[in-house]
Amino acid sequence: MGYLVHQGKPVIDRTGNPVRLCEGLWNRTTHNALKEVLRARDTPYRGRKTNRSYLLTEVALCGQCHNRLFTQTSADAPPRYACTARNKGWKSAQHCRPAPNMRVANLDALVEGWFLEKFGHGAIVETVYDSGNGIADRIAEVKASQQRLRADREAGLYDQPDDAEWYRERYIELSRELKELESEPQRPPGMVQRPTGETVEDRWMKAPDVQARKEILLDFGVRVTVFSASAPVRWVPGILHGSEQNPLSLSGSFRTMAT
C-alpha cells in the first residue's frame, strides 16, 4: 500500500499515521480482499475443453434413451450426431431402437438459428470491481492507526508525560475524524455489473472457434433432444433450469425435454 515498513509493521509519523513512500498499488480494502482471495483453499481446476470441431457434443441428447449423442464419420457419408449407447452395451440404452442420428451440418444450423433468435438480442453485462468512494477505506485506515497507537501504549511507548499528552491529543483527533467519516454516505467497494455494449449475437459471431460457441451454449444451459427420422418431431431445443442444472440429475432433465 506504499507504506514504509520496518520488521513487518508500518512506520508511523508524528501524527500517528503510517509513513507513505509512494502511491500504493491498491488500498486497504482491496488489500484485505486480496488476502482473503489468496487464502489457501481447495479449488478444483476446470480448464478449457479441447477444441473439437463439433458444436453439439455434450449438448445433443437422444430422445429415446436420453444419453448424450456422439459423432460418427465415414468415408461415404457426411458427419452426423448419433446415439451409440446401445451399440456400446449401455443398459440404459438397451431399448433404444431406432437410434436417432442427424447430420452435423443440419443440426448445427438449426440450433444456431434457434439460439440466436431466442437469445441473440440479449445484452451482455460484465462483472467488475468498483472501489467505491473511498470513505470505507479511510475509516479502515483511521481504525488501523488507532489500533497501532493502542498497541504502542500497551507496550509502554507513551509512559512519559509529554508522550502521554501527545497520545491523548492524537487519539482524540483520530476519534473525531472517525466520527466525521462515519457520518458521510458510503459507496462500499464491491463487484458491480455494467453493460458491455455487446449482444449475445455479437459474442457468438466474434467467437474464435466452434469450441468457444459450444461454451456459450453450455453457459446458457442449452440442450437439444434428437429423435429418429420416423418420429413426428426430429429435434426439440430447450434450456436446463432449476434443480436440473445439477449434473447429477441430468438424466431426469433429459426426459423432461424429450416430452
# chains A, B, ... in the order shown; residues from 1 in each chain; ligands from 1
>>> residues_around(residues="range 90-107 of chain A", least_positions_apart="3", cutoff="9 Å", atoms="only C-alpha atoms", output="ChimeraX atom specification")
/A:54-56,62-67,69,71,78-87,110-112,226-230,234-235
>>> write_last_selection(atoms="N, CA, C and O atoms", output="CSV table (one decimal), in the first residue's frame")
chain,number,residue,atom,x,y,z
A,54,TYR,N,-16.9,-30.0,-33.4
A,54,TYR,CA,-18.4,-30.3,-33.4
A,54,TYR,C,-19.1,-29.4,-32.3
A,54,TYR,O,-18.7,-29.4,-31.2
A,55,LEU,N,-20.1,-28.7,-32.8
A,55,LEU,CA,-20.8,-27.8,-31.9
A,55,LEU,C,-21.6,-28.4,-30.8
A,55,LEU,O,-21.6,-27.9,-29.7
A,56,LEU,N,-22.2,-29.5,-31.1
A,56,LEU,CA,-23.3,-30.0,-30.2
A,56,LEU,C,-22.9,-31.3,-29.4
A,56,LEU,O,-23.8,-31.9,-28.7
A,62,CYS,N,-30.2,-38.0,-26.9
A,62,CYS,CA,-31.0,-39.0,-27.5
A,62,CYS,C,-32.4,-38.9,-27.0
A,62,CYS,O,-32.7,-38.9,-25.8
A,63,GLY,N,-33.4,-38.8,-27.9
A,63,GLY,CA,-34.8,-38.7,-27.5
A,63,GLY,C,-35.4,-40.1,-27.0
A,63,GLY,O,-36.5,-40.2,-26.5
A,64,GLN,N,-34.6,-41.2,-27.3
A,64,GLN,CA,-35.1,-42.5,-26.9
A,64,GLN,C,-34.6,-42.9,-25.5
A,64,GLN,O,-35.3,-43.3,-24.7
A,65,CYS,N,-33.2,-42.9,-25.4
A,65,CYS,CA,-32.6,-43.3,-24.1
A,65,CYS,C,-32.1,-42.2,-23.3
A,65,CYS,O,-31.6,-42.5,-22.2
A,66,HIS,N,-32.1,-41.0,-23.8
A,66,HIS,CA,-31.7,-39.8,-23.0
A,66,HIS,C,-30.2,-39.7,-22.8
A,66,HIS,O,-29.8,-38.9,-21.9
A,67,ASN,N,-29.4,-40.5,-23.4
A,67,ASN,CA,-28.0,-40.4,-23.3
A,67,ASN,C,-27.5,-39.4,-24.3
A,67,ASN,O,-28.2,-39.0,-25.2
A,69,LEU,N,-25.4,-37.7,-27.4
A,69,LEU,CA,-25.1,-38.1,-28.7
A,69,LEU,C,-23.6,-38.0,-29.0
A,69,LEU,O,-23.0,-37.0,-28.4
A,71,THR,N,-20.5,-38.3,-32.3
A,71,THR,CA,-20.4,-38.0,-33.7
A,71,THR,C,-19.9,-39.3,-34.4
A,71,THR,O,-19.1,-40.1,-33.8
A,78,PRO,N,-21.6,-37.7,-44.8
A,78,PRO,CA,-21.2,-36.6,-44.0
A,78,PRO,C,-21.2,-36.9,-42.5
A,78,PRO,O,-21.9,-37.9,-42.1
A,79,PRO,N,-20.5,-36.2,-41.7
A,79,PRO,CA,-20.5,-36.4,-40.2
A,79,PRO,C,-21.9,-36.3,-39.7
A,79,PRO,O,-22.7,-35.5,-40.2
A,80,ARG,N,-22.2,-37.0,-38.7
A,80,ARG,CA,-23.6,-37.0,-38.1
A,80,ARG,C,-23.5,-37.2,-36.6
A,80,ARG,O,-22.6,-37.9,-36.1
A,81,TYR,N,-24.5,-36.6,-35.9
A,81,TYR,CA,-24.7,-36.9,-34.5
A,81,TYR,C,-25.5,-38.2,-34.4
A,81,TYR,O,-26.6,-38.3,-35.1
A,82,ALA,N,-25.1,-39.1,-33.5
A,82,ALA,CA,-25.9,-40.4,-33.4
A,82,ALA,C,-25.8,-40.9,-32.0
A,82,ALA,O,-24.8,-40.6,-31.3
A,83,CYS,N,-26.8,-41.7,-31.7
A,83,CYS,CA,-26.8,-42.3,-30.4
A,83,CYS,C,-26.1,-43.7,-30.6
A,83,CYS,O,-26.6,-44.6,-31.3
A,84,THR,N,-25.0,-43.9,-29.9
A,84,THR,CA,-24.3,-45.1,-30.0
A,84,THR,C,-24.3,-45.9,-28.7
A,84,THR,O,-23.5,-46.9,-28.5
A,85,ALA,N,-25.1,-45.5,-27.8
A,85,ALA,CA,-25.1,-46.1,-26.4
A,85,ALA,C,-25.5,-47.6,-26.5
A,85,ALA,O,-24.9,-48.4,-25.8
A,86,ARG,N,-26.5,-48.0,-27.3
A,86,ARG,CA,-26.9,-49.4,-27.3
A,86,ARG,C,-25.8,-50.2,-27.9
A,86,ARG,O,-25.5,-51.3,-27.4
A,87,ASN,N,-25.1,-49.7,-28.9
A,87,ASN,CA,-24.0,-50.5,-29.5
A,87,ASN,C,-22.9,-50.7,-28.5
A,87,ASN,O,-22.1,-51.6,-28.6
A,110,LEU,N,-29.7,-25.6,-37.4
A,110,LEU,CA,-31.0,-25.5,-36.8
A,110,LEU,C,-30.8,-24.9,-35.4
A,110,LEU,O,-31.6,-24.0,-35.0
A,111,VAL,N,-29.9,-25.4,-34.6
A,111,VAL,CA,-29.7,-25.0,-33.2
A,111,VAL,C,-29.2,-23.6,-33.2
A,111,VAL,O,-29.6,-22.7,-32.4
A,112,GLU,N,-28.2,-23.3,-34.1
A,112,GLU,CA,-27.7,-21.9,-34.1
A,112,GLU,C,-28.8,-20.9,-34.4
A,112,GLU,O,-28.9,-19.8,-33.8
A,226,VAL,N,-32.8,-35.1,-29.8
A,226,VAL,CA,-32.9,-35.6,-31.2
A,226,VAL,C,-33.7,-36.9,-31.2
A,226,VAL,O,-33.4,-37.8,-30.4
A,227,PHE,N,-34.6,-37.0,-32.2
A,227,PHE,CA,-35.4,-38.2,-32.3
A,227,PHE,C,-35.2,-38.9,-33.6
A,227,PHE,O,-34.5,-38.3,-34.5
A,228,SER,N,-35.6,-40.1,-33.8
A,228,SER,CA,-35.4,-40.8,-35.0
A,228,SER,C,-36.2,-40.2,-36.2
A,228,SER,O,-37.1,-39.4,-36.0
A,229,ALA,N,-35.8,-40.6,-37.4
A,229,ALA,CA,-36.5,-40.0,-38.6
A,229,ALA,C,-37.9,-40.3,-38.7
A,229,ALA,O,-38.7,-39.6,-39.3
A,230,SER,N,-38.4,-41.4,-38.0
A,230,SER,CA,-39.8,-41.8,-38.1
A,230,SER,C,-40.6,-41.1,-37.0
A,230,SER,O,-41.9,-41.2,-37.1
A,234,ARG,N,-38.3,-34.1,-35.1
A,234,ARG,CA,-37.0,-34.6,-35.2
A,234,ARG,C,-36.1,-34.1,-34.1
A,234,ARG,O,-35.1,-34.7,-33.7
A,235,TRP,N,-36.3,-32.8,-33.7
A,235,TRP,CA,-35.4,-32.3,-32.7
A,235,TRP,C,-36.2,-31.3,-31.8
A,235,TRP,O,-37.2,-30.6,-32.3
>>> residues_around(residues="Asp152 in chain A", least_positions_apart="6", cutoff="10 Å", atoms="only C-alpha atoms", output="JSON, numbers by chain")
{"A": [146, 158, 167]}
>>> write_last_selection(atoms="all heavy atoms", output="mmCIF file, in the first residue's frame")
data_model
loop_
_atom_site.group_PDB
_atom_site.id
_atom_site.type_symbol
_atom_site.label_atom_id
_atom_site.label_comp_id
_atom_site.auth_asym_id
_atom_site.auth_seq_id
_atom_site.Cartn_x
_atom_site.Cartn_y
_atom_site.Cartn_z
ATOM 1 N N GLN A 146 -5.585 3.893 15.074
ATOM 2 C CA GLN A 146 -5.953 3.810 16.485
ATOM 3 C C GLN A 146 -5.449 2.520 17.115
ATOM 4 O O GLN A 146 -4.943 2.532 18.249
ATOM 5 C CB GLN A 146 -7.478 3.898 16.624
ATOM 6 C CG GLN A 146 -8.056 5.277 16.384
ATOM 7 C CD GLN A 146 -9.557 5.292 16.581
ATOM 8 O OE1 GLN A 146 -10.246 4.348 16.210
ATOM 9 N NE2 GLN A 146 -10.069 6.361 17.166
ATOM 10 N N TYR A 158 4.389 5.270 25.521
ATOM 11 C CA TYR A 158 3.898 6.611 25.832
ATOM 12 C C TYR A 158 3.750 6.805 27.334
ATOM 13 O O TYR A 158 2.819 7.457 27.815
ATOM 14 C CB TYR A 158 2.547 6.848 25.137
ATOM 15 C CG TYR A 158 2.602 6.684 23.639
ATOM 16 C CD1 TYR A 158 1.941 5.632 23.012
ATOM 17 C CD2 TYR A 158 3.327 7.570 22.852
ATOM 18 C CE1 TYR A 158 1.997 5.469 21.640
ATOM 19 C CE2 TYR A 158 3.392 7.420 21.477
ATOM 20 C CZ TYR A 158 2.724 6.368 20.874
ATOM 21 O OH TYR A 158 2.791 6.218 19.523
ATOM 22 N N TYR A 167 -0.163 11.358 22.912
ATOM 23 C CA TYR A 167 -1.007 10.194 22.614
ATOM 24 C C TYR A 167 -2.477 10.555 22.759
ATOM 25 O O TYR A 167 -3.288 10.234 21.890
ATOM 26 C CB TYR A 167 -0.645 9.049 23.563
ATOM 27 C CG TYR A 167 -1.611 7.883 23.512
ATOM 28 C CD1 TYR A 167 -1.476 6.888 22.553
ATOM 29 C CD2 TYR A 167 -2.674 7.800 24.419
ATOM 30 C CE1 TYR A 167 -2.370 5.825 22.502
ATOM 31 C CE2 TYR A 167 -3.573 6.740 24.362
ATOM 32 C CZ TYR A 167 -3.406 5.760 23.408
ATOM 33 O OH TYR A 167 -4.292 4.731 23.345
#
>>> select_by_dssp(residues="range 103-250 of chain A", states="strand (DSSP E or B)", output="list in words")
Arg103, Ala123, Ile124, Val125, Glu126, Thr127, Val128, Tyr129, Asp130, Gly190, Met191, Val192, Gln193, Arg194, Pro195, Thr196, Gly197, Glu198, Thr199, Val222, Arg223, Val224, Thr225, Val226, Trp235, Val236, Pro237, Gly238 and Ile239 of chain A
>>> closest_residue(among="A:Val19, A:Ser145, A:Thr127, A:Ala164", to="Val192 in chain A", atoms="only C-alpha atoms")
A:Thr127
>>> closest_residue(among="A:Ser74, A:Gln186, A:Gln7, A:Thr57", to="Asp108 in chain A", atoms="only C-alpha atoms")
A:Thr57
>>> residues_around(residues="Pro189 in chain A", least_positions_apart="4", cutoff="9 Å", atoms="only C-alpha atoms", output="list in words")
Thr29, Thr30, Tyr129, Asp130, Ser131, Gly132, Asn133, Gly134, Ala136 and Asp137 of chain A
>>> select_by_dssp(residues="range 78-144 of chain A", states="helix (DSSP H, G or I)", output="list in words")
Lys91, Ser92, Ala93, Val104, Ala105, Asn106, Leu107, Asp108, Ala109, Leu110, Val111, Glu112, Gly113, Trp114, Phe115, Leu116, Glu117, Lys118, Phe119, Ile135, Ala136, Asp137, Arg138, Ile139, Ala140, Glu141, Val142, Lys143 and Ala144 of chain A
>>> atom_distance(atom1="CA of Lys118 in chain A", atom2="CA of Gln72 in chain A")
28.9 Å
>>> closest_residue(among="A:Ile139, A:Val236, A:Leu116, A:Ala109", to="Leu217 in chain A", atoms="only C-alpha atoms")
A:Leu116
>>> residues_around(residues="Leu149 in chain A", least_positions_apart="4", cutoff="10 Å", atoms="only C-alpha atoms", output="VMD selection string")
chain A and resid 12 16 to 17 143 to 145 153 to 155 157 to 158 167 to 168 170 to 171
>>> write_last_selection(atoms="all heavy atoms", output="compact mmCIF listing (two decimals), in the first residue's frame")
# COMPACT_ATOMS: atom_id res chain seq x y z
N ILE A 12 5.11 4.81 11.64
CA ILE A 12 4.17 5.92 11.76
C ILE A 12 4.91 7.23 11.95
O ILE A 12 6.04 7.27 12.46
CB ILE A 12 3.17 5.69 12.91
CG1 ILE A 12 3.91 5.61 14.26
CG2 ILE A 12 2.37 4.43 12.67
CD1 ILE A 12 2.97 5.57 15.45
N GLY A 16 0.77 10.03 13.94
CA GLY A 16 0.21 8.72 14.20
C GLY A 16 -0.21 7.96 12.96
O GLY A 16 -0.73 6.86 13.06
N ASN A 17 0.01 8.54 11.77
CA ASN A 17 -0.35 7.88 10.52
C ASN A 17 0.86 7.17 9.94
O ASN A 17 2.01 7.60 10.15
CB ASN A 17 -0.87 8.90 9.50
CG ASN A 17 -2.24 9.43 9.87
OD1 ASN A 17 -3.13 8.67 10.23
ND2 ASN A 17 -2.40 10.76 9.81
N LYS A 143 -9.05 3.46 11.82
CA LYS A 143 -9.15 2.42 12.85
C LYS A 143 -7.83 1.68 13.02
O LYS A 143 -7.45 1.32 14.14
CB LYS A 143 -10.27 1.45 12.50
CG LYS A 143 -11.67 2.03 12.67
CD LYS A 143 -12.75 0.98 12.36
CE LYS A 143 -14.13 1.53 12.63
NZ LYS A 143 -15.20 0.55 12.34
N ALA A 144 -7.12 1.47 11.90
CA ALA A 144 -5.81 0.81 11.99
C ALA A 144 -4.82 1.69 12.74
O ALA A 144 -4.00 1.20 13.52
CB ALA A 144 -5.30 0.49 10.59
N SER A 145 -4.88 3.01 12.51
CA SER A 145 -3.98 3.93 13.23
C SER A 145 -4.30 3.91 14.72
O SER A 145 -3.38 3.92 15.57
CB SER A 145 -4.13 5.35 12.68
OG SER A 145 -3.68 5.42 11.34
N ARG A 153 0.87 1.99 23.14
CA ARG A 153 0.64 2.44 24.51
C ARG A 153 0.74 1.27 25.47
O ARG A 153 1.37 1.37 26.55
CB ARG A 153 -0.75 3.09 24.60
CG ARG A 153 -1.09 3.60 26.01
CD ARG A 153 -0.19 4.76 26.44
NE ARG A 153 -0.47 5.21 27.77
CZ ARG A 153 -1.33 6.18 28.07
NH1 ARG A 153 -2.02 6.78 27.10
NH2 ARG A 153 -1.51 6.55 29.32
N GLU A 154 0.16 0.14 25.09
CA GLU A 154 0.23 -1.05 25.94
C GLU A 154 1.66 -1.57 26.06
O GLU A 154 2.02 -2.19 27.07
CB GLU A 154 -0.67 -2.14 25.38
CG GLU A 154 -2.16 -1.81 25.50
CD GLU A 154 -3.03 -2.81 24.77
OE1 GLU A 154 -2.45 -3.75 24.17
OE2 GLU A 154 -4.26 -2.68 24.79
N ALA A 155 2.49 -1.28 25.04
CA ALA A 155 3.88 -1.70 25.09
C ALA A 155 4.75 -0.73 25.90
O ALA A 155 5.96 -0.94 26.03
CB ALA A 155 4.43 -1.83 23.68
N LEU A 157 5.24 2.66 25.26
CA LEU A 157 5.95 3.68 24.48
C LEU A 157 5.53 5.10 24.83
O LEU A 157 6.20 6.05 24.46
CB LEU A 157 5.73 3.44 22.98
CG LEU A 157 6.24 2.11 22.42
CD1 LEU A 157 6.05 2.06 20.91
CD2 LEU A 157 7.72 1.92 22.76
N TYR A 158 4.39 5.27 25.52
CA TYR A 158 3.90 6.61 25.83
C TYR A 158 3.75 6.81 27.33
O TYR A 158 2.82 7.46 27.82
CB TYR A 158 2.55 6.85 25.14
CG TYR A 158 2.60 6.68 23.64
CD1 TYR A 158 1.94 5.63 23.01
CD2 TYR A 158 3.33 7.57 22.85
CE1 TYR A 158 2.00 5.47 21.64
CE2 TYR A 158 3.39 7.42 21.48
CZ TYR A 158 2.72 6.37 20.87
OH TYR A 158 2.79 6.22 19.52
N TYR A 167 -0.16 11.36 22.91
CA TYR A 167 -1.01 10.19 22.61
C TYR A 167 -2.48 10.55 22.76
O TYR A 167 -3.29 10.23 21.89
CB TYR A 167 -0.65 9.05 23.56
CG TYR A 167 -1.61 7.88 23.51
CD1 TYR A 167 -1.48 6.89 22.55
CD2 TYR A 167 -2.67 7.80 24.42
CE1 TYR A 167 -2.37 5.83 22.50
CE2 TYR A 167 -3.57 6.74 24.36
CZ TYR A 167 -3.41 5.76 23.41
OH TYR A 167 -4.29 4.73 23.34
N ARG A 168 -2.83 11.27 23.86
CA ARG A 168 -4.22 11.63 24.09
C ARG A 168 -4.73 12.56 22.98
O ARG A 168 -5.84 12.36 22.45
CB ARG A 168 -4.38 12.30 25.46
CG ARG A 168 -4.37 11.32 26.63
CD ARG A 168 -4.79 12.00 27.91
NE ARG A 168 -3.83 13.01 28.33
CZ ARG A 168 -2.79 12.76 29.12
NH1 ARG A 168 -2.58 11.53 29.57
NH2 ARG A 168 -1.96 13.74 29.46
N ARG A 170 -3.57 12.97 19.93
CA ARG A 170 -3.66 12.28 18.63
C ARG A 170 -4.83 11.31 18.60
O ARG A 170 -5.54 11.22 17.60
CB ARG A 170 -2.35 11.52 18.35
CG ARG A 170 -2.33 10.84 16.99
CD ARG A 170 -2.64 11.82 15.89
NE ARG A 170 -2.88 11.17 14.61
CZ ARG A 170 -3.62 11.66 13.65
NH1 ARG A 170 -4.22 12.83 13.80
NH2 ARG A 170 -3.80 11.01 12.52
N TYR A 171 -5.08 10.62 19.72
CA TYR A 171 -6.18 9.66 19.75
C TYR A 171 -7.52 10.38 19.63
O TYR A 171 -8.45 9.91 18.97
CB TYR A 171 -6.12 8.81 21.02
CG TYR A 171 -6.87 7.51 20.88
CD1 TYR A 171 -6.23 6.38 20.40
CD2 TYR A 171 -8.23 7.42 21.19
CE1 TYR A 171 -6.90 5.18 20.24
CE2 TYR A 171 -8.92 6.23 21.03
CZ TYR A 171 -8.25 5.11 20.55
OH TYR A 171 -8.94 3.94 20.38
>>> atom_distance(atom1="CA of Ser53 in chain A", atom2="CA of Val210 in chain A")
5.9 Å
>>> closest_atom_pairs(of="range 173-204 of chain A", to="range 120-126 of chain A", cutoff="12 Å", atoms="only C-alpha atoms", output="CSV")
residue,atom,partner,partner_atom,distance
A:Met191,CA,A:Glu126,CA,9.8
A:Val192,CA,A:Glu126,CA,8.2
A:Gln193,CA,A:Glu126,CA,5.5
A:Arg194,CA,A:Val125,CA,5.3
A:Pro195,CA,A:Val125,CA,4.2
A:Thr196,CA,A:Val125,CA,5.4
A:Gly197,CA,A:Ala123,CA,7.1
A:Glu198,CA,A:Ile124,CA,5.6
A:Thr199,CA,A:Ala123,CA,4.4
A:Val200,CA,A:Gly120,CA,4.8
A:Glu201,CA,A:Gly120,CA,4.3
A:Asp202,CA,A:Gly120,CA,7.8
A:Arg203,CA,A:Ile124,CA,8.4
A:Trp204,CA,A:Gly120,CA,8.3
>>> write_last_selection(atoms="N, CA, C and O atoms", output="CSV table (one decimal), in the first residue's frame")
chain,number,residue,atom,x,y,z
A,191,MET,N,-18.3,-5.9,-6.2
A,191,MET,CA,-18.5,-6.2,-7.6
A,191,MET,C,-19.8,-5.7,-8.1
A,191,MET,O,-20.8,-5.8,-7.4
A,192,VAL,N,-19.8,-5.0,-9.3
A,192,VAL,CA,-21.0,-4.5,-9.9
A,192,VAL,C,-21.1,-5.0,-11.3
A,192,VAL,O,-20.1,-5.4,-11.9
A,193,GLN,N,-22.3,-4.9,-11.8
A,193,GLN,CA,-22.5,-5.3,-13.2
A,193,GLN,C,-22.7,-4.1,-14.1
A,193,GLN,O,-23.4,-3.1,-13.7
A,194,ARG,N,-22.1,-4.1,-15.3
A,194,ARG,CA,-22.3,-3.0,-16.2
A,194,ARG,C,-22.4,-3.5,-17.6
A,194,ARG,O,-21.8,-4.5,-17.9
A,195,PRO,N,-23.2,-2.8,-18.5
A,195,PRO,CA,-23.3,-3.3,-19.8
A,195,PRO,C,-22.0,-3.2,-20.6
A,195,PRO,O,-21.2,-2.3,-20.4
A,196,THR,N,-21.8,-4.2,-21.5
A,196,THR,CA,-20.6,-4.1,-22.3
A,196,THR,C,-20.8,-3.5,-23.7
A,196,THR,O,-19.9,-3.2,-24.4
A,197,GLY,N,-22.1,-3.3,-24.0
A,197,GLY,CA,-22.4,-2.8,-25.4
A,197,GLY,C,-22.5,-3.9,-26.4
A,197,GLY,O,-22.8,-3.6,-27.6
A,198,GLU,N,-22.3,-5.1,-26.0
A,198,GLU,CA,-22.4,-6.3,-26.9
A,198,GLU,C,-23.7,-7.0,-26.6
A,198,GLU,O,-24.2,-7.1,-25.5
A,199,THR,N,-24.1,-7.7,-27.7
A,199,THR,CA,-25.3,-8.6,-27.5
A,199,THR,C,-24.8,-10.0,-27.6
A,199,THR,O,-23.6,-10.3,-27.9
A,200,VAL,N,-25.6,-10.9,-27.3
A,200,VAL,CA,-25.3,-12.4,-27.3
A,200,VAL,C,-24.9,-12.7,-28.8
A,200,VAL,O,-23.9,-13.5,-29.0
A,201,GLU,N,-25.6,-12.2,-29.7
A,201,GLU,CA,-25.3,-12.4,-31.1
A,201,GLU,C,-23.9,-11.9,-31.5
A,201,GLU,O,-23.1,-12.6,-32.2
A,202,ASP,N,-23.5,-10.7,-31.0
A,202,ASP,CA,-22.2,-10.2,-31.2
A,202,ASP,C,-21.1,-11.1,-30.7
A,202,ASP,O,-20.1,-11.4,-31.4
A,203,ARG,N,-21.3,-11.6,-29.5
A,203,ARG,CA,-20.4,-12.5,-28.9
A,203,ARG,C,-20.3,-13.8,-29.7
A,203,ARG,O,-19.2,-14.4,-29.8
A,204,TRP,N,-21.4,-14.3,-30.1
A,204,TRP,CA,-21.4,-15.5,-30.9
A,204,TRP,C,-20.6,-15.3,-32.2
A,204,TRP,O,-19.8,-16.2,-32.6
>>> atom_distance(atom1="CA of Leu240 in chain A", atom2="CA of Thr73 in chain A")
28.8 Å
>>> closest_residue(among="A:Pro232, A:Val224, A:Ile135, A:Glu215", to="Glu184 in chain A", atoms="only C-alpha atoms")
A:Ile135
